[in-house]
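Notes for the one structure printed next.
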Protein chains: 2
Amino acid sequence: MKTDKNPTINEYSEILKALGHPVRLKIVCGLVKKETCNVGTIVEKLSIPQPTVSQHLNILKNAGIVTGYRKGTQVCYKIENAEVIKIIENMDINFCGEKLI
Amino acid sequence: MKTDKNPTINEYSEILKALGHPVRLKIVCGLVKKETCNVGTIVEKLSIPQPTVSQHLNILKNAGIVTGYRKGTQVCYKIENAEVIKIIENMDINFCGEKLI
DNA sequence: TGACAATATATGAATATTAATATATACTAA
DNA sequence: TTAGTATATATTAATATTCATATATTGTCA
């Protein structure tokens with residue numbers, strides 16, 4: 001309840017909008033479970049073209065949800081935002097065999 | 001954890017997408033607090049044209065988030081989805097004087 | 001019934017999103 | 001330096017969203 005630094009309605013709606021795409025939600029759920037993941041692994045697991053994945057990661061980055069850090073030739077992404085972890089962990093998702101990352 | 005009837009990733013992304021708009025998030029947060037509200041009141045409180053409000057309510061209805069019921073000449077909306085209440089109540093929103101509904 | 005109030009729907013223009021292809025950049029190893 | 005791997009960015013066409021105006025529908029009451 002440190003109300004002051006909490007996200008405003010507009011900030012939350014930005015976050016929810018970014019999470020409101022199946023590919024991005026899979027990525028974020030995966031990162032909540034895995035802590036960290038590089039781009040190539042996401043590309044493989046989701047079977048989506050690499051530029052498309054980078055574009056989605058960029059949207060998540062702009063929403064303040066993830067950050068990336070270099071690790072040699074790869075870039076690893078992780079969740080940046082504690083609020084988002086709370087939101088995701090609070091949802092009872094039925095993964096029904098769905099593969100994440 | 002009755003995993004079977006919980007929303008899937010795709011269903012959740014639909015919900016989050018619907019919540020990912022400042023006007024709709026205000027409406028939903030307001031309904032979580034107020035239990036129920038008619039269209040006219042939302043129009044007044046948010047100072048947004050009536051058709052625009054009806055359109056947003058329709059999006060929320062299609063996402064399974066709210067339902068409306070007639071009460072004489074008015075239509076009252078309320079939250080339909082328990083998952084959504086959980087999501088909203090779990091968020092630490094800084095309303096900073098923002099008026100809801 | 002007619003008039004009015006409350007809400008919904010239709011339409012369309014402006015804008016945004018999505019996702020693919022092509023290309024550029026950054027790092028590593030030889 | 002060069003080649004190769006990993007990732008990012010640019011561009012673009014298709015599609016979707018947003019939001020306003022105009023109009024239709026539904027219910028109430030005299």
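Scheme for the structure tokens: letters A, B, ... for chains in order shown; per-chain residue numbers from 1; ligand numbers from 1 in order shown.
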
Pull out every residue of chain D sitting within 9 Å of chain A, counting only C-alpha atoms (C1' of nucleotides), and send them as a tab-separated table (two decimals) with C-alpha atoms (C1' of nucleotides), in the first residue's frame.
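New file part-v3.tsv:
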chain	number	residue	atom	x	y	z
D	5	DT	C1'	25.41	-16.70	-34.90
D	6	DA	C1'	21.98	-14.10	-32.35
D	7	DT	C1'	19.12	-10.38	-32.17
D	8	DA	C1'	17.14	-5.86	-33.59
D	9	DT	C1'	15.12	-2.70	-36.70

Pick out the chain C residues within 9 Å of chain A. Count only C-alpha atoms (C1' of nucleotides). Give them as a VMD selection string. chain C and resid 19 to 20 26 to 28

Any chance you could export the current selection's C-alpha atoms (C1' of nucleotides) as a short mmCIF file (atom, residue, chain, number, x, y, z; two decimals), in the first residue's frame?
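Result written to selection_33.cif:
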data_model
loop_
_atom_site.label_atom_id
_atom_site.label_comp_id
_atom_site.auth_asym_id
_atom_site.auth_seq_id
_atom_site.Cartn_x
_atom_site.Cartn_y
_atom_site.Cartn_z
"C1'" DA C 19 3.03 -10.11 -38.51
"C1'" DA C 20 5.78 -11.04 -42.46
"C1'" DA C 26 26.41 -6.82 -32.19
"C1'" DC C 27 29.12 -10.30 -30.53
"C1'" DT C 28 32.40 -14.37 -30.91
#

Would you give me, as number ranges by chain, the residues in chain B that DSSP reads as strand (DSSP E)? B: 36-38, 66-71, 74-79

Resulting file, chosen residues, N, CA and C atoms, as a CSV table (one decimal), in the first residue's frame:
chain,number,residue,atom,x,y,z
B,36,THR,N,-22.8,-2.5,-9.0
B,36,THR,CA,-23.6,-2.4,-10.1
B,36,THR,C,-23.7,-0.9,-10.5
B,37,CYS,N,-24.0,-0.6,-11.8
B,37,CYS,CA,-24.0,0.8,-12.2
B,37,CYS,C,-24.8,0.8,-13.5
B,38,ASN,N,-25.6,1.9,-13.7
B,38,ASN,CA,-26.3,2.0,-15.0
B,38,ASN,C,-25.5,2.8,-16.0
B,66,VAL,N,-18.5,-8.5,-18.1
B,66,VAL,CA,-19.7,-7.9,-17.4
B,66,VAL,C,-21.0,-8.4,-18.1
B,67,THR,N,-22.1,-8.2,-17.4
B,67,THR,CA,-23.4,-8.4,-18.0
B,67,THR,C,-24.3,-7.3,-17.6
B,68,GLY,N,-25.3,-7.1,-18.4
B,68,GLY,CA,-26.3,-6.0,-18.1
B,68,GLY,C,-27.7,-6.6,-17.9
B,69,TYR,N,-28.4,-5.9,-17.0
B,69,TYR,CA,-29.8,-6.3,-16.8
B,69,TYR,C,-30.6,-5.1,-16.8
B,70,ARG,N,-31.8,-5.2,-17.3
B,70,ARG,CA,-32.7,-4.0,-17.3
B,70,ARG,C,-33.3,-3.8,-16.0
B,71,LYS,N,-33.5,-2.5,-15.7
B,71,LYS,CA,-34.2,-2.1,-14.5
B,71,LYS,C,-35.0,-0.9,-14.9
B,74,GLN,N,-33.6,1.8,-17.5
B,74,GLN,CA,-32.2,1.8,-17.5
B,74,GLN,C,-31.6,0.4,-17.6
B,75,VAL,N,-30.4,0.3,-18.0
B,75,VAL,CA,-29.7,-1.0,-18.0
B,75,VAL,C,-28.5,-0.9,-17.0
B,76,CYS,N,-28.5,-1.8,-16.1
B,76,CYS,CA,-27.4,-1.8,-15.1
B,76,CYS,C,-26.4,-2.9,-15.5
B,77,TYR,N,-25.1,-2.6,-15.2
B,77,TYR,CA,-24.1,-3.5,-15.5
B,77,TYR,C,-23.4,-4.0,-14.2
B,78,LYS,N,-23.0,-5.2,-14.3
B,78,LYS,CA,-22.2,-5.7,-13.1
B,78,LYS,C,-21.2,-6.7,-13.6
B,79,ILE,N,-20.2,-7.0,-12.8
B,79,ILE,CA,-19.2,-7.9,-13.1
B,79,ILE,C,-19.7,-9.3,-13.2

Just how far from CA of Thr41 (chain B) is CA of Val28 (chain B), in Å to one decimal?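 Going from CA of Val28 (chain B) over to CA of Thr41 (chain B) covers 13.6 Å.
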
Given only C-alpha atoms, how would the per-residue table for chain A near chain B read, listing every residue at most 8 Å away with its closest atom pair and distance in Å to one decimal, sorted by chain and number, as JSON lines?
{"residue": "A:Met1", "atom": "CA", "partner": "B:Asp92", "partner_atom": "CA", "distance": 6.9}
{"residue": "A:Thr3", "atom": "CA", "partner": "B:Asn94", "partner_atom": "CA", "distance": 5.5}
{"residue": "A:Asp4", "atom": "CA", "partner": "B:Asn94", "partner_atom": "CA", "distance": 6.5}
{"residue": "A:Lys5", "atom": "CA", "partner": "B:Asn94", "partner_atom": "CA", "distance": 7.5}
{"residue": "A:Asn6", "atom": "CA", "partner": "B:Asn94", "partner_atom": "CA", "distance": 5.3}
{"residue": "A:Pro7", "atom": "CA", "partner": "B:Ile93", "partner_atom": "CA", "distance": 5.7}
{"residue": "A:Thr8", "atom": "CA", "partner": "B:Asn94", "partner_atom": "CA", "distance": 4.7}
{"residue": "A:Ile9", "atom": "CA", "partner": "B:Ile93", "partner_atom": "CA", "distance": 6.3}
{"residue": "A:Asn10", "atom": "CA", "partner": "B:Pro22", "partner_atom": "CA", "distance": 5.5}
{"residue": "A:Tyr12", "atom": "CA", "partner": "B:Ile93", "partner_atom": "CA", "distance": 7.6}
{"residue": "A:Ser13", "atom": "CA", "partner": "B:Gly20", "partner_atom": "CA", "distance": 4.4}
{"residue": "A:Glu14", "atom": "CA", "partner": "B:Gly20", "partner_atom": "CA", "distance": 6.1}
{"residue": "A:Ile15", "atom": "CA", "partner": "B:Gly20", "partner_atom": "CA", "distance": 7.2}
{"residue": "A:Leu16", "atom": "CA", "partner": "B:Gly20", "partner_atom": "CA", "distance": 4.6}
{"residue": "A:Lys17", "atom": "CA", "partner": "B:Gly20", "partner_atom": "CA", "distance": 3.9}
{"residue": "A:Ala18", "atom": "CA", "partner": "B:Gly20", "partner_atom": "CA", "distance": 7.6}
{"residue": "A:Leu19", "atom": "CA", "partner": "B:Leu16", "partner_atom": "CA", "distance": 6.4}
{"residue": "A:Gly20", "atom": "CA", "partner": "B:Lys17", "partner_atom": "CA", "distance": 3.9}
{"residue": "A:His21", "atom": "CA", "partner": "B:Ser13", "partner_atom": "CA", "distance": 5.2}
{"residue": "A:Pro22", "atom": "CA", "partner": "B:Ser13", "partner_atom": "CA", "distance": 5.4}
{"residue": "A:Leu25", "atom": "CA", "partner": "B:Ser13", "partner_atom": "CA", "distance": 6.6}
{"residue": "A:Lys26", "atom": "CA", "partner": "B:Ile9", "partner_atom": "CA", "distance": 7.2}
{"residue": "A:Glu83", "atom": "CA", "partner": "B:Met91", "partner_atom": "CA", "distance": 7.4}
{"residue": "A:Lys86", "atom": "CA", "partner": "B:Asn90", "partner_atom": "CA", "distance": 7.6}
{"residue": "A:Ile87", "atom": "CA", "partner": "B:Ile87", "partner_atom": "CA", "distance": 6.5}
{"residue": "A:Asn90", "atom": "CA", "partner": "B:Ile87", "partner_atom": "CA", "distance": 6.9}
{"residue": "A:Met91", "atom": "CA", "partner": "B:Ile87", "partner_atom": "CA", "distance": 7.1}
{"residue": "A:Asp92", "atom": "CA", "partner": "B:Asn6", "partner_atom": "CA", "distance": 6.2}
{"residue": "A:Ile93", "atom": "CA", "partner": "B:Thr8", "partner_atom": "CA", "distance": 5.5}
{"residue": "A:Asn94", "atom": "CA", "partner": "B:Thr8", "partner_atom": "CA", "distance": 4.7}
{"residue": "A:Phe95", "atom": "CA", "partner": "B:Thr8", "partner_atom": "CA", "distance": 5.9}
{"residue": "A:Cys96", "atom": "CA", "partner": "B:Thr8", "partner_atom": "CA", "distance": 7.4}

Residue contacts of region 10-25 of chain D (8 Å, only C-alpha atoms (C1' of nucleotides)) excluding same-chain residues fewer than 3 positions away, as a list of chain:residue names: B:Thr52, C:DA8, C:DT9, C:DA10, C:DT15, C:DA16, C:DT17, C:DT18, C:DT23

Just C-alpha atoms (C1' of nucleotides) for this one: save the residues we selected as a compact mmCIF listing (two decimals), in the first residue's frame.
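Printed below is part.txt as written:
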# COMPACT_ATOMS: atom_id res chain seq x y z
CA THR B 52 -18.84 5.44 -26.70
C1' DA C 8 -28.01 0.24 -28.36
C1' DT C 9 -26.52 -0.11 -32.99
C1' DA C 10 -24.76 1.50 -37.68
C1' DT C 15 -5.27 5.64 -36.13
C1' DA C 16 -3.02 1.50 -34.19
C1' DT C 17 -1.77 -3.32 -34.21
C1' DT C 18 -0.11 -7.43 -36.18
C1' DT C 23 18.07 -5.90 -43.78

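Going from CA of Ile65 (chain A) to CA of Leu46 (chain B) covers 28.2 Å.
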
As a list in words, please: every residue in region 43-72 of chain A that a backbone DSSP assignment puts in helix (DSSP H, G or I).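 Answer for region 43-72 of chain A restricted to helix (DSSP H, G or I) is Val43, Glu44, Lys45, Leu46, Gln50, Pro51, Thr52, Val53, Ser54, Gln55, His56, Leu57, Asn58, Ile59, Leu60, Lys61 and Asn62 of chain A.
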
One number please: CA of Glu89 (chain A) to CA of Lys33 (chain A), in Å, one decimal.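 We find that CA of Glu89 (chain A) and CA of Lys33 (chain A) lie 9.4 Å from each other.
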